[in-house]
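Text of the file upload.txt, holding compact mmCIF, C-alpha atoms:
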```txt
# COMPACT_ATOMS: atom_id res chain seq x y z
CA MET A 1 99.26 14.64 -5.96
CA ILE A 2 98.83 16.02 -9.45
CA SER A 3 101.95 15.27 -11.47
CA LEU A 4 103.95 17.76 -13.49
CA GLU A 5 103.83 15.20 -16.31
CA PHE A 6 100.06 15.56 -16.35
CA LEU A 7 100.08 19.35 -16.14
CA GLU A 8 102.50 19.68 -19.03
CA GLN A 9 100.07 17.67 -21.20
CA VAL A 10 97.42 20.32 -20.66
CA ASP A 11 97.46 22.59 -23.69
CA VAL A 12 97.13 25.81 -21.75
CA PHE A 13 100.28 25.01 -19.73
CA ARG A 14 102.28 23.37 -22.52
CA LYS A 15 104.75 26.25 -22.89
CA LEU A 16 105.62 26.36 -19.17
CA ASN A 17 108.82 24.99 -17.62
CA ASP A 18 108.93 22.77 -14.51
CA ASP A 19 109.26 25.66 -12.05
CA GLN A 20 106.29 27.40 -13.57
CA LEU A 21 104.29 24.16 -13.61
CA SER A 22 105.17 23.62 -9.94
CA ALA A 23 103.74 27.02 -9.09
CA ILE A 24 100.54 26.15 -10.93
CA ARG A 25 100.37 22.79 -9.20
CA LYS A 26 100.33 24.48 -5.80
CA CYS A 27 96.94 26.00 -6.53
CA ALA A 28 95.49 22.89 -8.18
CA GLU A 29 92.98 20.76 -6.33
CA ALA A 30 91.54 17.45 -7.59
CA VAL A 31 87.81 16.91 -7.08
CA ASP A 32 85.72 13.77 -7.76
CA PHE A 33 82.24 13.70 -9.25
CA LYS A 34 79.74 10.95 -10.08
CA ARG A 35 77.76 10.65 -13.30
CA ASP A 36 75.28 13.54 -13.74
CA ASP A 37 76.75 15.53 -10.83
CA ARG A 38 76.66 19.20 -11.66
CA ILE A 39 80.14 20.73 -11.48
CA PHE A 40 78.97 24.30 -12.00
CA VAL A 41 75.89 26.02 -13.30
CA GLN A 42 75.47 28.55 -16.09
CA GLY A 43 75.34 31.98 -14.48
CA ASP A 44 77.35 30.99 -11.38
CA PRO A 45 80.26 33.28 -10.48
CA ALA A 46 83.22 31.92 -12.49
CA SER A 47 85.76 31.34 -9.74
CA HIS A 48 87.85 28.50 -11.20
CA VAL A 49 89.56 27.18 -14.30
CA TRP A 50 88.91 23.44 -14.67
CA ILE A 51 90.89 20.59 -16.24
CA VAL A 52 89.62 17.06 -16.81
CA LEU A 53 91.98 14.59 -15.12
CA LYS A 54 89.94 11.38 -15.60
CA GLY A 55 86.61 10.68 -17.23
CA ASP A 56 84.40 12.97 -19.33
CA VAL A 57 82.54 16.14 -18.57
CA GLU A 58 79.97 17.88 -20.68
CA LEU A 59 79.32 21.59 -21.12
CA ARG A 60 75.92 22.81 -22.26
CA THR A 61 73.59 25.75 -22.23
CA GLU A 62 70.45 25.47 -20.18
CA LEU A 63 67.13 27.12 -20.72
CA SER A 64 65.58 28.43 -17.53
CA GLY A 65 62.80 26.27 -16.09
CA GLN A 66 63.62 23.34 -18.35
CA ASN A 67 65.53 20.15 -17.77
CA ARG A 68 69.14 19.51 -18.68
CA ASP A 69 68.30 17.98 -22.07
CA ALA A 70 66.38 21.04 -23.24
CA GLY A 71 69.47 23.15 -23.95
CA SER A 72 71.76 23.20 -26.96
CA MET A 73 74.00 20.35 -28.11
CA PRO A 74 76.55 19.56 -25.40
CA VAL A 75 80.30 19.84 -25.84
CA PHE A 76 82.26 16.97 -24.31
CA MET A 77 85.61 17.62 -22.71
CA ALA A 78 88.10 14.78 -22.49
CA GLU A 79 91.18 14.33 -20.33
CA THR A 80 93.71 17.21 -20.24
CA HIS A 81 91.15 19.67 -21.62
CA ALA A 82 90.85 22.94 -19.74
CA PHE A 83 87.70 25.08 -19.58
CA GLY A 84 86.24 27.95 -17.59
CA TRP A 85 87.96 30.92 -19.26
CA ALA A 86 84.90 32.98 -18.26
CA CYS A 87 86.69 33.53 -14.93
CA PHE A 88 88.99 35.97 -16.76
CA VAL A 89 86.27 37.77 -18.72
CA PRO A 90 83.65 40.16 -17.31
CA PRO A 91 81.03 39.58 -15.99
CA TYR A 92 83.03 36.59 -14.59
CA LYS A 93 80.11 34.16 -14.80
CA TYR A 94 80.04 30.73 -16.36
CA GLN A 95 78.31 30.86 -19.72
CA LEU A 96 77.53 27.13 -19.73
CA SER A 97 76.66 24.45 -17.18
CA CYS A 98 79.04 21.58 -16.58
CA TYR A 99 78.18 17.96 -15.68
CA CYS A 100 80.10 14.77 -15.08
CA ALA A 101 79.33 12.66 -18.18
CA SER A 102 81.02 9.36 -17.32
CA ARG A 103 80.54 6.90 -14.44
CA TRP A 104 82.85 9.10 -12.44
CA CYS A 105 85.25 11.84 -13.22
CA LYS A 106 88.14 13.54 -11.54
CA VAL A 107 88.58 17.19 -12.30
CA ILE A 108 91.30 19.64 -11.33
CA ARG A 109 90.16 23.05 -10.27
CA LEU A 110 92.43 26.07 -10.16
CA ASN A 111 91.27 29.04 -8.16
CA ARG A 112 91.10 32.22 -10.23
CA GLU A 113 92.59 34.44 -7.53
CA ASP A 114 95.51 32.06 -6.95
CA LEU A 115 96.21 31.92 -10.68
CA LEU A 116 96.12 35.69 -10.99
CA ALA A 117 98.57 35.95 -8.09
CA ILE A 118 100.96 33.62 -9.95
CA PHE A 119 100.55 35.65 -13.14
CA GLU A 120 101.28 38.90 -11.31
CA GLN A 121 104.38 37.39 -9.75
CA ASP A 122 105.69 35.81 -12.94
CA GLU A 123 104.38 37.74 -15.92
CA ILE A 124 105.92 35.28 -18.36
CA VAL A 125 103.53 32.62 -17.05
CA GLY A 126 100.68 35.13 -17.19
CA PHE A 127 101.54 36.11 -20.74
CA LYS A 128 101.81 32.51 -21.96
CA VAL A 129 98.58 31.37 -20.32
CA MET A 130 96.56 34.41 -21.41
CA ASP A 131 98.00 34.16 -24.92
CA TYR A 132 96.84 30.55 -25.12
CA LEU A 133 93.39 31.44 -23.80
CA LEU A 134 93.06 34.29 -26.30
CA GLY A 135 93.78 31.77 -29.07
CA ALA A 136 91.24 29.31 -27.68
CA VAL A 137 88.51 31.93 -27.30
CA GLY A 138 89.38 33.38 -30.71
CA LYS A 139 88.93 29.96 -32.28
CA GLN A 140 85.50 29.51 -30.69
CA PHE A 141 84.57 33.04 -31.74
CA ALA A 142 85.55 32.34 -35.35
CA GLN A 143 83.51 29.13 -35.43
CA LEU A 144 80.40 30.83 -34.05
CA GLN A 145 80.85 33.79 -36.40
CA ASP A 146 81.12 31.41 -39.37
CA GLU A 147 77.78 29.85 -38.40
CA ILE A 148 76.09 33.24 -38.10
CA VAL A 149 77.57 34.44 -41.40
CA LYS A 150 76.42 31.26 -43.09
CA ASP A 151 72.84 31.68 -41.83
CA ARG A 152 72.69 35.35 -42.78
CA GLY A 153 74.33 34.73 -46.15
CA ILE A 154 71.78 32.07 -47.03
CA GLU A 155 68.99 34.39 -45.93
CA MET A 156 70.33 37.23 -48.11
CA MET A 157 70.92 35.01 -51.14
CA SER A 158 67.38 33.62 -50.87
CA GLN A 159 66.00 37.16 -51.12
CA TRP A 160 67.50 37.77 -54.58
CA MET B 1 96.27 63.24 -32.50
CA ALA B 2 99.51 61.64 -31.30
CA ALA B 3 99.49 57.84 -31.25
CA ILE B 4 99.99 57.75 -27.48
CA ASP B 5 96.86 59.86 -26.95
CA VAL B 6 94.84 57.44 -29.06
CA LEU B 7 96.27 54.38 -27.30
CA LYS B 8 95.33 55.81 -23.90
CA GLN B 9 91.68 55.71 -24.91
CA VAL B 10 91.78 52.05 -25.90
CA GLU B 11 90.69 49.54 -23.26
CA THR B 12 93.42 47.08 -24.21
CA PHE B 13 96.16 49.57 -23.35
CA GLN B 14 94.65 51.39 -20.39
CA ALA B 15 96.77 49.63 -17.75
CA LEU B 16 100.02 50.78 -19.36
CA SER B 17 102.23 53.66 -18.30
CA GLU B 18 103.10 56.66 -20.51
CA ASP B 19 106.50 55.13 -21.30
CA GLU B 20 104.99 51.79 -22.22
CA LEU B 21 102.35 53.46 -24.39
CA SER B 22 105.07 55.48 -26.04
CA GLU B 23 106.93 52.27 -26.96
CA ILE B 24 103.80 50.78 -28.50
CA GLY B 25 103.09 54.11 -30.21
CA LYS B 26 106.36 53.69 -32.11
CA LEU B 27 104.97 50.54 -33.70
CA THR B 28 101.90 52.29 -35.14
CA ILE B 29 101.30 53.83 -38.52
CA GLU B 30 98.38 56.18 -39.07
CA LYS B 31 96.23 55.56 -42.13
CA GLN B 32 93.20 57.33 -43.55
CA PHE B 33 90.37 55.92 -45.59
CA ALA B 34 87.35 57.39 -47.35
CA TYR B 35 83.78 56.06 -47.29
CA GLY B 36 83.60 52.63 -48.91
CA ASP B 37 87.37 51.97 -48.84
CA ARG B 38 88.35 48.49 -47.77
CA LEU B 39 90.97 48.10 -45.01
CA PHE B 40 91.32 44.34 -45.34
CA LYS B 41 89.56 41.43 -46.92
CA ASP B 42 88.16 38.19 -45.50
CA GLY B 43 90.84 35.49 -45.87
CA ASP B 44 93.77 37.93 -46.13
CA ALA B 45 96.79 37.24 -43.95
CA ALA B 46 96.11 39.15 -40.72
CA THR B 47 99.25 41.23 -40.72
CA HIS B 48 97.99 44.13 -38.61
CA LEU B 49 96.02 44.97 -35.53
CA TRP B 50 93.93 48.12 -36.10
CA ILE B 51 92.71 50.82 -33.78
CA VAL B 52 89.88 53.08 -34.91
CA GLU B 53 90.90 56.65 -34.22
CA GLU B 54 88.05 58.43 -36.01
CA GLY B 55 84.99 57.33 -37.96
CA ILE B 56 83.13 54.03 -38.22
CA ILE B 57 84.50 50.77 -39.59
CA ASP B 58 82.04 48.11 -40.71
CA LEU B 59 82.98 44.45 -40.41
CA ARG B 60 81.15 42.63 -43.19
CA PHE B 61 80.99 39.21 -44.76
CA ASP B 62 81.37 38.99 -48.53
CA LEU B 63 78.94 37.11 -50.73
CA PRO B 64 80.20 35.65 -54.02
CA GLY B 65 79.46 37.83 -57.04
CA ARG B 66 77.81 40.53 -54.97
CA GLU B 67 78.95 44.04 -54.12
CA THR B 68 79.46 44.79 -50.47
CA SER B 69 76.60 46.58 -48.72
CA GLU B 70 75.49 47.55 -45.22
CA GLU B 71 73.20 44.53 -45.32
CA SER B 72 76.16 42.23 -44.76
CA THR B 73 77.51 44.20 -41.79
CA LEU B 74 78.02 42.09 -38.68
CA SER B 75 79.25 44.92 -36.52
CA SER B 76 80.22 48.57 -36.74
CA ILE B 77 83.32 49.59 -34.82
CA THR B 78 83.66 53.13 -33.55
CA ALA B 79 86.53 55.23 -32.18
CA ASN B 80 88.97 53.79 -29.62
CA LYS B 81 88.05 50.21 -30.41
CA ILE B 82 90.27 47.48 -31.81
CA ILE B 83 89.69 45.43 -34.94
CA GLY B 84 91.76 42.68 -36.46
CA TRP B 85 92.47 40.65 -33.32
CA SER B 86 92.75 37.67 -35.69
CA SER B 87 96.29 38.96 -36.19
CA LEU B 88 97.09 37.60 -32.70
CA VAL B 89 95.26 34.29 -33.07
CA SER B 90 96.19 31.28 -35.20
CA PRO B 91 95.72 30.87 -38.24
CA TYR B 92 96.35 34.64 -38.44
CA LYS B 93 93.79 35.34 -41.16
CA TYR B 94 91.06 37.98 -41.19
CA LYS B 95 87.64 36.36 -40.87
CA LEU B 96 85.60 39.31 -42.19
CA SER B 97 86.20 42.23 -44.51
CA SER B 98 86.35 45.75 -43.15
CA TYR B 99 85.13 48.95 -44.81
CA CYS B 100 85.18 52.60 -43.89
CA ALA B 101 81.49 53.41 -43.21
CA SER B 102 81.77 57.11 -42.45
CA SER B 103 82.86 59.97 -44.69
CA ARG B 104 86.41 59.60 -43.36
CA CYS B 105 88.11 56.99 -41.20
CA LYS B 106 91.40 57.40 -39.42
CA VAL B 107 93.06 54.31 -37.98
CA LEU B 108 96.31 53.24 -36.40
CA ALA B 109 97.80 50.06 -37.83
CA ILE B 110 100.20 47.96 -35.76
CA ASP B 111 102.35 45.39 -37.52
CA ARG B 112 101.49 42.02 -35.99
CA ASN B 113 105.02 40.59 -35.98
CA LEU B 114 106.61 43.68 -34.44
CA PHE B 115 103.84 43.92 -31.85
CA TYR B 116 104.03 40.29 -30.80
CA GLU B 117 107.82 40.41 -30.65
CA PHE B 118 107.54 43.49 -28.42
CA LEU B 119 105.04 41.77 -26.11
CA THR B 120 107.25 38.69 -25.85
CA GLU B 121 110.29 40.80 -25.00
CA HIS B 122 108.29 42.74 -22.39
CA PRO B 123 106.21 40.05 -20.67
CA LYS B 124 104.78 42.42 -18.07
CA ILE B 125 103.28 44.52 -20.85
CA GLY B 126 102.47 41.36 -22.79
CA TYR B 127 100.53 39.95 -19.86
CA GLN B 128 98.56 43.16 -19.35
CA VAL B 129 97.79 43.68 -23.02
CA ILE B 130 96.86 40.09 -23.81
CA SER B 131 94.72 39.82 -20.62
CA ALA B 132 92.86 42.96 -21.67
CA MET B 133 92.53 41.63 -25.21
CA LEU B 134 91.08 38.38 -23.82
CA ARG B 135 88.50 40.41 -21.91
CA VAL B 136 87.52 42.31 -25.06
CA VAL B 137 87.35 39.26 -27.33
CA GLY B 138 85.66 37.14 -24.64
CA ARG B 139 83.00 39.79 -24.11
CA ARG B 140 82.39 40.10 -27.86
CA PHE B 141 82.14 36.33 -28.04
CA GLN B 142 79.62 36.21 -25.22
CA ARG B 143 77.56 38.89 -26.97
CA LEU B 144 77.71 36.99 -30.23
CA GLN B 145 76.76 33.80 -28.41
CA GLY B 146 73.81 35.56 -26.78
CA SER B 147 72.61 36.88 -30.12
CA SER B 148 72.74 33.45 -31.74
CA ASP B 149 70.98 31.74 -28.83
CA ASP B 150 68.11 34.22 -28.75
CA ALA B 151 65.37 34.33 -31.32
CA PRO B 152 67.05 36.61 -33.85
CA LEU B 153 65.60 40.00 -34.70
CA ALA B 154 64.75 40.56 -38.33
CA PRO B 155 67.38 42.70 -40.06
CA VAL B 156 66.80 46.39 -39.41
CA LYS B 157 68.06 49.31 -41.47
CA MET B 158 68.23 52.55 -39.59
CA THR B 159 69.04 55.79 -41.39
CA VAL B 160 69.94 58.93 -39.51
CA HIS B 161 69.33 61.82 -41.92
CA MET B 162 72.45 63.90 -41.70
CA ALA B 163 72.21 66.69 -44.24
CA THR B 164 73.23 70.16 -43.02
CA CYS B 165 69.75 70.79 -41.59
CA GLY B 166 69.90 67.55 -39.63
CA ILE B 167 73.39 68.18 -38.31
CA VAL B 168 72.47 71.66 -37.15
CA ALA B 169 69.50 70.17 -35.28
CA GLY B 170 71.69 67.60 -33.49
CA ALA B 171 71.80 64.59 -35.86
CA ARG B 172 75.41 63.80 -34.93
CA ASP B 173 74.45 63.10 -31.31
CA VAL B 174 71.53 61.02 -32.52
CA MET B 175 73.85 59.06 -34.81
CA LYS B 176 76.27 58.45 -31.96
CA ALA B 177 73.46 57.19 -29.72
CA ALA B 178 72.19 54.93 -32.52
CA ILE B 179 75.60 53.36 -33.00
CA GLU B 180 76.04 52.87 -29.26
CA ALA B 181 72.57 51.39 -28.90
CA ALA B 182 73.19 49.03 -31.82
CA THR B 183 76.32 47.62 -30.18
CA ARG B 184 74.30 46.31 -27.24
CA PRO B 185 73.56 42.57 -27.05
CA GLY B 186 70.56 41.58 -29.15
CA PHE B 187 70.87 44.40 -31.68
CA GLU B 188 73.59 42.87 -33.85
CA ARG B 189 71.29 42.86 -36.87
CA VAL B 190 70.62 46.57 -36.78
CA THR B 191 72.56 48.45 -39.42
CA VAL B 192 72.97 52.16 -38.78
CA LYS B 193 73.89 54.46 -41.64
CA SER B 194 73.70 58.13 -42.49
CA GLY B 195 71.36 59.48 -45.16
CA GLY B 196 70.51 62.72 -46.92
CA CYS B 197 67.77 65.27 -46.34
CA LEU B 198 64.19 63.99 -46.44
CA GLY B 199 62.86 67.45 -47.29
CA LYS B 200 61.40 67.74 -43.79
CA CYS B 201 63.94 70.16 -42.39
CA ALA B 202 61.58 71.56 -39.75
CA THR B 203 61.35 68.21 -37.99
CA GLU B 204 65.06 67.29 -37.97
CA PRO B 205 66.77 65.23 -36.70
CA ASN B 206 64.76 62.62 -38.60
CA VAL B 207 65.49 58.91 -38.39
CA SER B 208 64.07 56.20 -40.68
CA VAL B 209 63.63 52.69 -39.32
CA GLU B 210 62.98 49.85 -41.72
CA ILE B 211 62.46 46.37 -40.33
CA GLN B 212 62.69 43.65 -42.97
CA HIS B 213 59.31 42.79 -44.51
CA GLN B 214 57.72 45.75 -42.72
CA GLY B 215 57.15 49.32 -43.84
CA SER B 216 59.47 52.19 -43.10
CA VAL B 217 58.77 54.46 -40.14
CA VAL B 218 60.25 57.95 -39.91
CA TYR B 219 60.75 59.41 -36.45
CA GLN B 220 60.99 63.16 -36.08
CA LYS B 221 62.72 65.58 -33.70
CA MET B 222 64.94 62.85 -32.39
CA ASN B 223 67.50 63.07 -29.59
CA PRO B 224 69.80 60.44 -28.02
CA GLU B 225 67.28 59.49 -25.33
CA LYS B 226 64.51 58.97 -27.87
CA MET B 227 66.92 56.94 -29.99
CA TYR B 228 67.41 54.42 -27.18
CA ARG B 229 63.62 54.21 -26.72
CA VAL B 230 63.21 53.42 -30.42
CA PHE B 231 65.67 50.53 -30.02
CA ASP B 232 64.04 49.20 -26.88
CA GLU B 233 60.42 49.58 -27.93
CA HIS B 234 60.13 49.58 -31.71
CA ILE B 235 63.05 47.35 -32.72
CA ALA B 236 63.10 44.98 -29.76
CA LYS B 237 59.35 44.74 -29.09
CA GLY B 238 57.73 45.86 -32.33
CA ARG B 239 55.91 48.75 -30.64
CA VAL B 240 56.01 51.80 -32.90
CA LEU B 241 56.27 55.03 -30.89
CA ASN B 242 53.42 56.78 -32.65
CA ASP B 243 53.79 60.10 -30.85
CA TRP B 244 57.14 60.64 -32.51
CA VAL B 245 56.29 59.32 -35.98
CA LEU B 246 56.53 61.76 -38.85
CA GLU B 247 54.99 59.54 -41.49
CA GLY B 248 52.76 56.49 -41.33
CA GLU B 249 53.89 53.03 -40.42
CA ASN B 250 53.40 51.86 -44.01
CA ASP B 251 54.66 54.59 -46.23
CA ASP B 252 55.89 52.43 -49.09
```
In structure tokens, what does this structure look like?
Amino acid sequence: MISLEFLEQVDVFRKLNDDQLSAIRKCAEAVDFKRDDRIFVQGDPASHVWIVLKGDVELRTELSGQNRDAGSMPVFMAETHAFGWACFVPPYKYQLSCYCASRWCKVIRLNREDLLAIFEQDEIVGFKVMDYLLGAVGKQFAQLQDEIVKDRGIEMMSQW
Amino acid sequence: MAAIDVLKQVETFQALSEDELSEIGKLTIEKQFAYGDRLFKDGDAATHLWIVEEGIIDLRFDLPGRETSEESTLSSITANKIIGWSSLVSPYKYKLSSYCASSRCKVLAIDRNLFYEFLTEHPKIGYQVISAMLRVVGRRFQRLQGSSDDAPLAPVKMTVHMATCGIVAGARDVMKAAIEAATRPGFERVTVKSGGCLGKCATEPNVSVEIQHQGSVVYQKMNPEKMYRVFDEHIAKGRVLNDWVLEGENDD
């Protein structure tokens, strides 16, 4: 059984009270993976939000027809980290692939449809969770934009 | 146009009822800007969310000691779109500067604090608005991610010649198509601007395309459909559409 103590440590649920966490817990399912198991693949329909319960997982882009190491630098997700916001953003497909990166890992998956049903029923939960996700996506957006601006700025300065 | 009529056109607010839109409309202030005016500056406290009502707003990065120019435009935002979502995301600072890029820009500004307070007090609306905002920002992020993962296109300057002769011949529709085409994934480095008469009034609408380190090509008798072809063939694949070219590929 996934504990409320654990769920309240997860950033995306941090502002929820026990009743709200209990509702979330009802749609949470723990799944085990072994090292190098693929949890989902880039381009798959994004049907779940995921949270690392134990162990490490890695997220990375993959280039078609090439092996797992050929993509970009991976991002490692540690315990209590949530990922998979693509399930709330069209075209509702995972933008990265996800692998178990430790000897074993236990991951919680939350079905998108079940979560949306909770949000519709209790809009305060929906508002808090979506607000958190907007902040998380906004932060990633800003980081990526900074990199692009830096590259283009250097390119423009070098043309002077 | 009344604020509620503008809000109805904006994706973020489309799930809301007339009454709900009317409440949000009360939080808006209409502002007008002229070409080149700055709405906000990179690093400023993000105090407002903005909705483009008319015109084109460029989001640009600033370079130290250098005047702003279209060259530093990351994206051009057209009517019914939102800018300044940083006002809803910590650390609440604008990450780019924004400039009016058309002869006139009309925008609605929504005070961030009042808006967020309203959303918190009305969680049903808050949930709908923030979910829609997440879809918009997430999609823009995915597009940005796609553009940085792909081999980047060289910067492209596209000028739609919009003197009276061009406008009479349909240059406004061509301009609209160019802006729409440039917002598609992979064309983030295409800057679209308006220009004056080339002295070739008989062949209007004329469009100049200048890919960095390559000569300028002028296309003649353009229409929206041809505009998309220019993006897909010339800009994306480097294939000049010779049948439509007014002047040679290397006219400089």
Report summary line: Using all atoms listed in the file, the shortest atom-to-atom distance to Phe76 in chain A among A:Arg60, A:Arg103, A:Arg38, A:Lys54 belongs to A:Arg60
Query raised in the report: For chain A against chain B, which residues fall within 8 Å using all atoms listed in the file, given as an NGL selection string?
Result: :A and (86 or 88-90 or 95 or 119 or 123-124 or 126-128 or 130-131 or 133-135 or 137-139 or 141-142 or 144-145 or 148-149 or 152-153)
Go ahead and dump the residues you just picked, C-alpha atoms, as a PDB file, in the frame of the given file.
```
ATOM      1  CA  ALA A  86      84.900  32.980 -18.260  1.00  0.00           C
ATOM      2  CA  PHE A  88      88.990  35.970 -16.760  1.00  0.00           C
ATOM      3  CA  VAL A  89      86.270  37.770 -18.720  1.00  0.00           C
ATOM      4  CA  PRO A  90      83.650  40.160 -17.310  1.00  0.00           C
ATOM      5  CA  GLN A  95      78.310  30.860 -19.720  1.00  0.00           C
ATOM      6  CA  PHE A 119     100.550  35.650 -13.140  1.00  0.00           C
ATOM      7  CA  GLU A 123     104.380  37.740 -15.920  1.00  0.00           C
ATOM      8  CA  ILE A 124     105.920  35.280 -18.360  1.00  0.00           C
ATOM      9  CA  GLY A 126     100.680  35.130 -17.190  1.00  0.00           C
ATOM     10  CA  PHE A 127     101.540  36.110 -20.740  1.00  0.00           C
ATOM     11  CA  LYS A 128     101.810  32.510 -21.960  1.00  0.00           C
ATOM     12  CA  MET A 130      96.560  34.410 -21.410  1.00  0.00           C
ATOM     13  CA  ASP A 131      98.000  34.160 -24.920  1.00  0.00           C
ATOM     14  CA  LEU A 133      93.390  31.440 -23.800  1.00  0.00           C
ATOM     15  CA  LEU A 134      93.060  34.290 -26.300  1.00  0.00           C
ATOM     16  CA  GLY A 135      93.780  31.770 -29.070  1.00  0.00           C
ATOM     17  CA  VAL A 137      88.510  31.930 -27.300  1.00  0.00           C
ATOM     18  CA  GLY A 138      89.380  33.380 -30.710  1.00  0.00           C
ATOM     19  CA  LYS A 139      88.930  29.960 -32.280  1.00  0.00           C
ATOM     20  CA  PHE A 141      84.570  33.040 -31.740  1.00  0.00           C
ATOM     21  CA  ALA A 142      85.550  32.340 -35.350  1.00  0.00           C
ATOM     22  CA  LEU A 144      80.400  30.830 -34.050  1.00  0.00           C
ATOM     23  CA  GLN A 145      80.850  33.790 -36.400  1.00  0.00           C
ATOM     24  CA  ILE A 148      76.090  33.240 -38.100  1.00  0.00           C
ATOM     25  CA  VAL A 149      77.570  34.440 -41.400  1.00  0.00           C
ATOM     26  CA  ARG A 152      72.690  35.350 -42.780  1.00  0.00           C
ATOM     27  CA  GLY A 153      74.330  34.730 -46.150  1.00  0.00           C
TER      28      GLY A 153
END
```
Query - Long-range neighbours of range 219-230 of chain B as a ChimeraX atom specification, 7 Å cut-off, all atoms listed in the file, 3 positions minimum in chain - result: /B:173-174,177-178,181,203-208,233-235,244-246
Report task. Tell me, in Å to one decimal, how far CA of Leu4 in chain A is from CA of Asp122 in chain A. Result ->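 Computed distance, CA of Leu4 in chain A to CA of Asp122 in chain A, equals 18.1 Å.
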Requested in this report: Determine, counting only C-alpha atoms, which protein, DNA and RNA residues have an atom within 8 Å of an atom of Lys31 in chain B; residues of the same chain fewer than 5 positions away are not included. Present the result as a list in words.
Outcome: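 After dropping sequence-adjacent residues, the list is Lys106, Val107, Leu108 and Ala109 of chain B.
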Query raised in the report: How many Å lie between CA of Ile24 in chain B and CA of Ile82 in chain B, rounded to one decimal?
Result: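 The value is 14.3 Å.
We find CA of Ser216 in chain B and CA of Cys197 in chain B to be spaced 15.8 Å apart.
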Query raised in the report: Given the choices B:Met158, B:Val240, B:Leu114, B:Ala2, which gets closest to Val192 in chain B if the distance is worked out from all atoms listed in the file?
Result: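 Closest to Val192 in chain B of all the choices is B:Met158.
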Report task. Can you pull out every residue within 10 Å of Phe33 in chain B, counting all atoms listed in the file, but drop anything in the same chain fewer than 6 positions away, and send it as a list of chain:residue names? Result ->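 So, after excluding close chain neighbours, the residues are B:Leu39, B:Gly55, B:Ile57, B:Tyr99, B:Cys100, B:Ala101, B:Ser102, B:Ser103, B:Arg104, B:Cys105, B:Lys106, B:Val107.
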Report task. Compile the contact shell of Ala28 in chain A as a list of chain:residue names: residues with an atom at most 7 Å away, counting only C-alpha atoms, same-chain residues fewer than 2 positions apart removed. Result ->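 Result of the neighbour search: A:Ile24, A:Arg25, A:Lys26, A:Ala30, A:Ile108, A:Arg109, A:Leu110.
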Can you write just those residues out, C-alpha atoms, as a PDB file, keeping the file's coordinate frame?
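Everything below was put into out-v1.pdb:
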```pdb
ATOM      1  CA  ILE A  24     100.540  26.150 -10.930  1.00  0.00           C
ATOM      2  CA  ARG A  25     100.370  22.790  -9.200  1.00  0.00           C
ATOM      3  CA  LYS A  26     100.330  24.480  -5.800  1.00  0.00           C
ATOM      4  CA  ALA A  30      91.540  17.450  -7.590  1.00  0.00           C
ATOM      5  CA  ILE A 108      91.300  19.640 -11.330  1.00  0.00           C
ATOM      6  CA  ARG A 109      90.160  23.050 -10.270  1.00  0.00           C
ATOM      7  CA  LEU A 110      92.430  26.070 -10.160  1.00  0.00           C
TER       8      LEU A 110
END
```
Query raised in the report: For Glu20 in chain B, which residue among B:Phe118, B:Gly170, B:Asn80, B:Ile211 is the nearest when counting only C-alpha atoms?
Result: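 Answer, going by the shortest atom-to-atom distance: B:Phe118.
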